[in-house]
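Data block below; observations after.
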Number of protein chains: 2
Amino acid sequence: MSVGIRHDDLRRRNRAMVIAAVRRTPQPSRTEIAATTGLSHSTISAISADLIDEGILAESKPNEPASLKRGRPQVGLGLNPEAATVMTVVLSLNFLSVAVIDYAGQVIAEEQRRLDTLTMSRDALIGECVAIVRRRLEDPDLDIRGVARIALAIQGITDTDARAMLWSPITPHTDIAFADVLEDEFGIPATMENDCNMMAVALRWRDPRRYRDDFIAILLSHGIGMGLVLKGELFSGTHSSGGEFGHMIHRPNGALCRCGRRGCVEAYAGNYAIWRNAREMGEDAEPVDVSDAEMRVLASTARERDGPEREAYRKAGEALGFGLGSLFALIDPAPVAMVGVSAAAFDLIEPALREAIAQTAGGQHSKSISFDTEPNELPLIREGCAMRALTFVDQQIFAPGVQARAGAAGKNVA
Amino acid sequence: MSVGIRHDDLRRRNRAMVIAAVRRTPQPSRTEIAATTGLSHSTISAISADLIDEGILAESKPNEPASLKRGRPQVGLGLNPEAATVMTVVLSLNFLSVAVIDYAGQVIAEEQRRLDTLTMSRDALIGECVAIVRRRLEDPDLDIRGVARIALAIQGITDTDARAMLWSPITPHTDIAFADVLEDEFGIPATMENDCNMMAVALRWRDPRRYRDDFIAILLSHGIGMGLVLKGELFSGTHSSGGEFGHMIHRPNGALCRCGRRGCVEAYAGNYAIWRNAREMGEDAEPVDVSDAEMRVLASTARERDGPEREAYRKAGEALGFGLGSLFALIDPAPVAMVGVSAAAFDLIEPALREAIAQTAGGQHSKSISFDTEPNELPLIREGCAMRALTFVDQQIFAPGVQARAGAAGKNVA
DNA sequence: CCAGTTTTTTTCGAGACCCGGAATAAATAA
DNA sequence: TTATTTATTCCGGGTCTCGAAAAAAACTGG
C-alpha cells in the first residue's frame, strides 16, 4: 500500500535528486541540473546552496576557463570527497578484499587476504570479515571521520532485504546475516549484496550508454550467475536475490549440477562442466574446482584443434543459448555482458550460443543481440558495491527524514 | 532519468492516492484514508471535499447505522458511479465482446459477437472492433455522457507502450495498432493490453489477500500464456508484453510448437499438444484447434483409465513443472493461479508438475507452492480490463496535470 | 577600455500545500 | 440532560516551489 507524499518529503526527494544528478554527470552546472530534473532554477539554486553549506557538494574551481561561450560561465558542482566515506567488502572463493572509498568514489585504502573459505568454520569466516573491516577502520594512517555505510558482496544467494547470505558456493555454511553482524559490531549500516547484481550496477555506471535501462550481466566462472536490470531497476526475486540463471533447467534429468540437481544450465556451462566435458569424464562426474589458469589452457587447446575441448565449449554455448532464449521469452532480448574467466573464451562459446538462441522464441532477432565481454569480475563487483553504498548514503544520510535499513526502502535503483 | 517533484505534483499525487484508497476499500471513512495514506486528517478532509465537489466521490448515505461504537459515526466515501464511464473490448479466438462500465465498476451495457478471426482480413477485423464500439457509444438507451477510456485485451503479444498488438494466435495479421485506431476514430484514449496480464490484474482485485505483491497467473488453453505481478507491479518485457512462459524451452529440439519452433513448454502443455499426445499422433503433428468440449471429454477419459490420455496430461504437467522451476529460479516461488479450460483438469496435471518442480532449484519448497484454479478466463480478462481502464481514469483524468498516453507514464500498477 | 550582449545564478514576493492543534459535529452512555 | 467519545472541519504557521526580475560574470566590438 503506497503511502502519501507529505510536505516535508518534497524537499528530501528533490535534494536526493540533485545529489544523484551530480553523481551521474561529471561537473554539472546548476542550469544543467535544472534541465535534467525539471525543477526551476530557483529551486536548484536553493538546494545546491544548502548542500554546499553542509559540505556535501563543492563548487569546482574554474581551473578550465575554456568556456568559449559568451555569457557568464557556468560553475560546475562536484561531490565533496570528504563528505563521507564508505567501505566495500567482497567475499569470493578463497579471497576477501575490502576497500575504503571517499564520497566522490575514489579508493583511499584497501586490503586483500587469501583464506580457505571452503574449509573455514562459520565463526572463523565471520571473524575474518569483522577483523579486516576493523583493521581498516582503525588504520592510523587514515583520518576516517566515520564510515557511513558498508556494502558486502558475496557469490551466492542473498535475501531480498539485503541482510543475509542464504547460500553460497564458497562456504558450506548457510544463512549468515553478515549485514547484521557488521552493524552490531561497528554500528555502521551495512547491506549484503549479490555479486552479480553488483556487476550489473557497476556496468551501468561504467557505460550508461550501453547499459541503460535493460541489460543482463552474466558471470561465467565456476558457477553461472546473473545480474539483471529491467526498466532501470535492479531485478531481484521475491524472497532472495533471485536471477538464478545458472539453475534454469536446460535438459530435464540431464547433467549433474553442483547444486545437486540435474540439467541446470550451469551443469553444462560452469567451469567444472566445461572441464569434465573436455576431459570426457561424463556428465555425472563430481564437480571439481578448476583454476583460472587451467581454464585458459583449456581454451587455447580448444582454439588449436578440434576435439573434446572444443566440443565442451560448444555444449556450454548451447546451454547458455537455450537458457538465454528462455529468459528472452520472459523479458525480451536485451544487451548482454559476459563476465568472468570463460568470457575470455567467448569466441569458442558464441557460435553455438547464437545457433541455440536462434531456435528459441526470444531469439527472433538473434543477430541483433549484442554481447560484450569482460574477463575480470572482481573489479566490477567492487565498483558496484562502492556505487551501491554511495547511493545509499546519497539517499539516506544526506536526504534525511527517511527510515534507514536498506533493501525494501531504498528501491533497488541500480 | 527520473524527474524532480514539482510543487503542483504533490496535490495531484495525493489526490490520486485518495481515489485509489476509495477504490480499494469498500466505503472508507476520511479517518481510515488518513491512516492508510499516512497523510494528516486535515489534508484528507480538504482533498475529499474537493473530490466531492467535483463529483468524483460521494458520501454514502448513512443507510447502515450499525455503528455500535460511541463517537460520531464515520461517514463512508464511495466512488460516484456517474463520474465517468469506460469501455472494455476483449478480442479472443472467434469472439469479440465489449462492455460499458461505470466509474464504480458496474457493467451497464454489453455486447458480444462471434466472428471468424482466423480467416478475416485485417481491415475486417479492425472494422468489427470499431463497429462494435460505435454501436455501444451510440446506443440511445444509454445516456453515456462520455467514455473516458477504452481498454482492449487480446490473446497474444502486445507492445510495451500498450498501443499495438504485435502478434496473436487468433489472426494471421501482425502489428495492428488497435489503440491508435480507436483513439483516432473516437478521440477516446485507448490502450492495448495482453489478456494474461489482465487476468493477473483481475485476480489482484478479486482476492488481494492471496494475490498481493507477487503471483503468477497461467492460462492453460490452446496456447500457454502468463501474467506476472512482481513487487506489486505488472511485469512486462522490455519491448513487448513479455512473459511468454509458454515459449520457454522445455526440451531443446523437442516437440513442434505452434510458433514454428521446437521444444517450447506450450508444445507439451497447450491443448493441441495434449490432444496430439492423447491421440498418439506424434510430437511433430501439426497443431490443430481443439474445442473446450473435446478437451473436457479427454480429461474425463484420462480420469477413467490409465492410457495415452493420462500420459498426455502427465507430459503437460512435466513441461509446466520444469518451466515453472526455471521461472522460480529467476523470480523465486510465488502463488500460482491456473486459468482456462485445462485448469479444470489440473488434478491430472498436478502430480507430474509437482514432481518436476521438485527436481528444480526453484522448487526447493515445492510442497508449499500453492495452486489455485479458475476454468473460465473470459470474465477475468474483462474484469482486468475494466479495472485497468478505471485506474487510468483515476490517475490521469481526475488527477490532472500529467501527460496522457498510457504505458510508460502510468507505471504498470496492477 | 568601456558599454552592450549573453548566459548563469541569486533574490524576492506570491501562491500552494501540508501539518498540528483547536473547534465543531454527531453520535452513545449514564 | 450531561458527559464522553469519535469524526471531521477550521485556522494559523511553516515550508516549499515557481516565475520574474535583478545581479553577476563572462565575452564582443568599436
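By order in the C-alpha cells, chains are A, B, ...; within a chain, residues start at 1; ligands start at 1, following the order shown.
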field: Who sits within 8 Å of region 4-21 of chain C, only C-alpha atoms (C1' of nucleotides), same chain under 4 positions skipped, as a ChimeraX atom specification
entry: /A:6-7,30-31,42,45,70-74 /B:7-8,10-11,40,42-43 /D:22-24,28
Closest atom pairs, residues of chain B within 8 Å of chain A, only C-alpha atoms, as CSV:
```
residue,atom,partner,partner_atom,distance
B:Met1,CA,A:Thr36,CA,7.6
B:Ser2,CA,A:Thr37,CA,7.1
B:Val3,CA,A:Thr37,CA,4.7
B:Gly4,CA,A:Thr37,CA,4.9
B:Ile5,CA,A:Asn14,CA,6.6
B:Arg6,CA,A:Leu39,CA,6.5
B:Leu10,CA,A:Ile5,CA,6.8
B:Arg13,CA,A:Ile5,CA,7.5
B:Asn14,CA,A:Gly4,CA,5.8
B:Met17,CA,A:Gly4,CA,6.6
B:Thr36,CA,A:Val3,CA,7.2
B:Thr37,CA,A:Val3,CA,4.7
B:Gly38,CA,A:Gly4,CA,5.9
B:Leu39,CA,A:Gly4,CA,5.9
B:Asp214,CA,A:Thr238,CA,6.9
B:Leu230,CA,A:Thr238,CA,7.2
B:Lys231,CA,A:Thr238,CA,7.1
B:Ser236,CA,A:Ile331,CA,6.9
B:Gly237,CA,A:Ile331,CA,4.2
B:Thr238,CA,A:Asp332,CA,5.7
B:His239,CA,A:Asp332,CA,6.4
B:Ser240,CA,A:Asp332,CA,6.9
B:Gly242,CA,A:Leu330,CA,5.3
B:Gly243,CA,A:Leu330,CA,4.0
B:Glu244,CA,A:Ala329,CA,5.1
B:Phe245,CA,A:Leu330,CA,6.2
B:His247,CA,A:Ala361,CA,6.1
B:Met248,CA,A:Ser326,CA,4.2
B:Ile249,CA,A:Ser326,CA,5.6
B:His250,CA,A:Arg251,CA,7.5
B:Arg251,CA,A:Arg251,CA,6.2
B:Pro252,CA,A:Phe322,CA,7.3
B:Cys259,CA,A:Ala361,CA,7.8
B:Arg261,CA,A:Gln359,CA,6.4
B:Arg262,CA,A:Gln359,CA,7.5
B:Phe322,CA,A:Ile249,CA,6.8
B:Gly323,CA,A:Ile249,CA,7.8
B:Gly325,CA,A:Met248,CA,7.2
B:Ser326,CA,A:Met248,CA,4.2
B:Leu327,CA,A:Met248,CA,7.3
B:Ala329,CA,A:Glu244,CA,5.1
B:Leu330,CA,A:Gly243,CA,4.0
B:Ile331,CA,A:Gly237,CA,4.1
B:Asp332,CA,A:Gly237,CA,5.3
B:Pro333,CA,A:Thr238,CA,7.6
B:Ala334,CA,A:Thr238,CA,7.7
B:Gln359,CA,A:Arg261,CA,6.4
B:Thr360,CA,A:Arg261,CA,6.6
B:Ala361,CA,A:His247,CA,6.1
```
task: May I ask for the distance between CA of Gly55 (chain B) and CA of Leu79 (chain B), given in Å to one decimal place?
output: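 Separation between CA of Gly55 (chain B) and CA of Leu79 (chain B): 8.9 Å.
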Residues of chain D within 7 Å of chain B, counting only C-alpha atoms (C1' of nucleotides), as a ChimeraX atom specification: /D:5-7,17
Using 6 Å as the limit and counting only C-alpha atoms (C1' of nucleotides), can you tabulate each residue of chain C that touches chain B, with its shortest atom-to-atom distance in Å and the two atoms involved, as a tab-separated table?
```
residue	atom	partner	partner_atom	distance
C:DA26	C1'	B:Arg72	CA	4.7
C:DA27	C1'	B:Arg72	CA	4.4
C:DT28	C1'	B:Arg70	CA	4.6
```
List as a short mmCIF file (atom, residue, chain, number, x, y, z; two decimals) with N, CA and C atoms, in the first residue's frame the protein and nucleic acid residues near Tyr272 (chain A), meaning an atom at most 7 Å away when only C-alpha atoms (C1' of nucleotides) are counted, but skip any in the same chain fewer than 5 places from it.
```cif
data_model
loop_
_atom_site.label_atom_id
_atom_site.label_comp_id
_atom_site.auth_asym_id
_atom_site.auth_seq_id
_atom_site.Cartn_x
_atom_site.Cartn_y
_atom_site.Cartn_z
N HIS A 222 33.25 -20.41 -12.13
CA HIS A 222 33.00 -21.76 -11.65
C HIS A 222 31.50 -22.07 -11.78
N PRO A 287 31.53 -32.40 -9.59
CA PRO A 287 32.12 -31.10 -9.91
C PRO A 287 33.42 -30.87 -9.15
N VAL A 288 34.45 -30.44 -9.85
CA VAL A 288 35.72 -30.13 -9.20
C VAL A 288 36.10 -28.68 -9.46
N ASP A 289 36.91 -28.14 -8.57
CA ASP A 289 37.42 -26.78 -8.78
C ASP A 289 38.48 -26.77 -9.87
N VAL A 290 38.36 -25.83 -10.76
CA VAL A 290 39.36 -25.68 -11.82
C VAL A 290 39.90 -24.26 -11.72
#
```
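Counting only C-alpha atoms, the residue from A:Trp205, A:Phe346, A:Tyr268, A:Phe186 that sits nearest to Glu138 (chain A) is A:Phe186.
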query: So which residues of region 107-303 of chain A fall under helix (DSSP H, G or I) by DSSP, listed as a ChimeraX atom specification?
result: /A:122-137,178-186,195-206,245-247,266-269,271-278,292-303
message: Please return, as JSON, numbers by chain, all residues of region 34-235 of chain A that DSSP assigns to strand (DSSP E or B) on the basis of the backbone.
response: {"A": [57, 58, 59, 77, 78, 79, 85, 86, 87, 88, 89, 90, 91, 92, 95, 96, 97, 98, 99, 100, 101, 102, 107, 108, 109, 110, 111, 112, 113, 114, 147, 148, 149, 150, 151, 152, 153, 154, 157, 158, 159, 165, 166, 167, 176, 190, 191, 192, 193, 194, 215, 216, 217, 218, 219, 220, 224, 225, 226, 227, 228, 229, 230, 233, 234]}
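With distances restricted to only C-alpha atoms, A:Leu57 is the closest residue to Val22 (chain A) from A:Ile101, A:Ala179, A:Ile157, A:Leu57.
The spacing separating CA of Ser370 (chain A) from CA of Pro208 (chain A) amounts to 15.4 Å.
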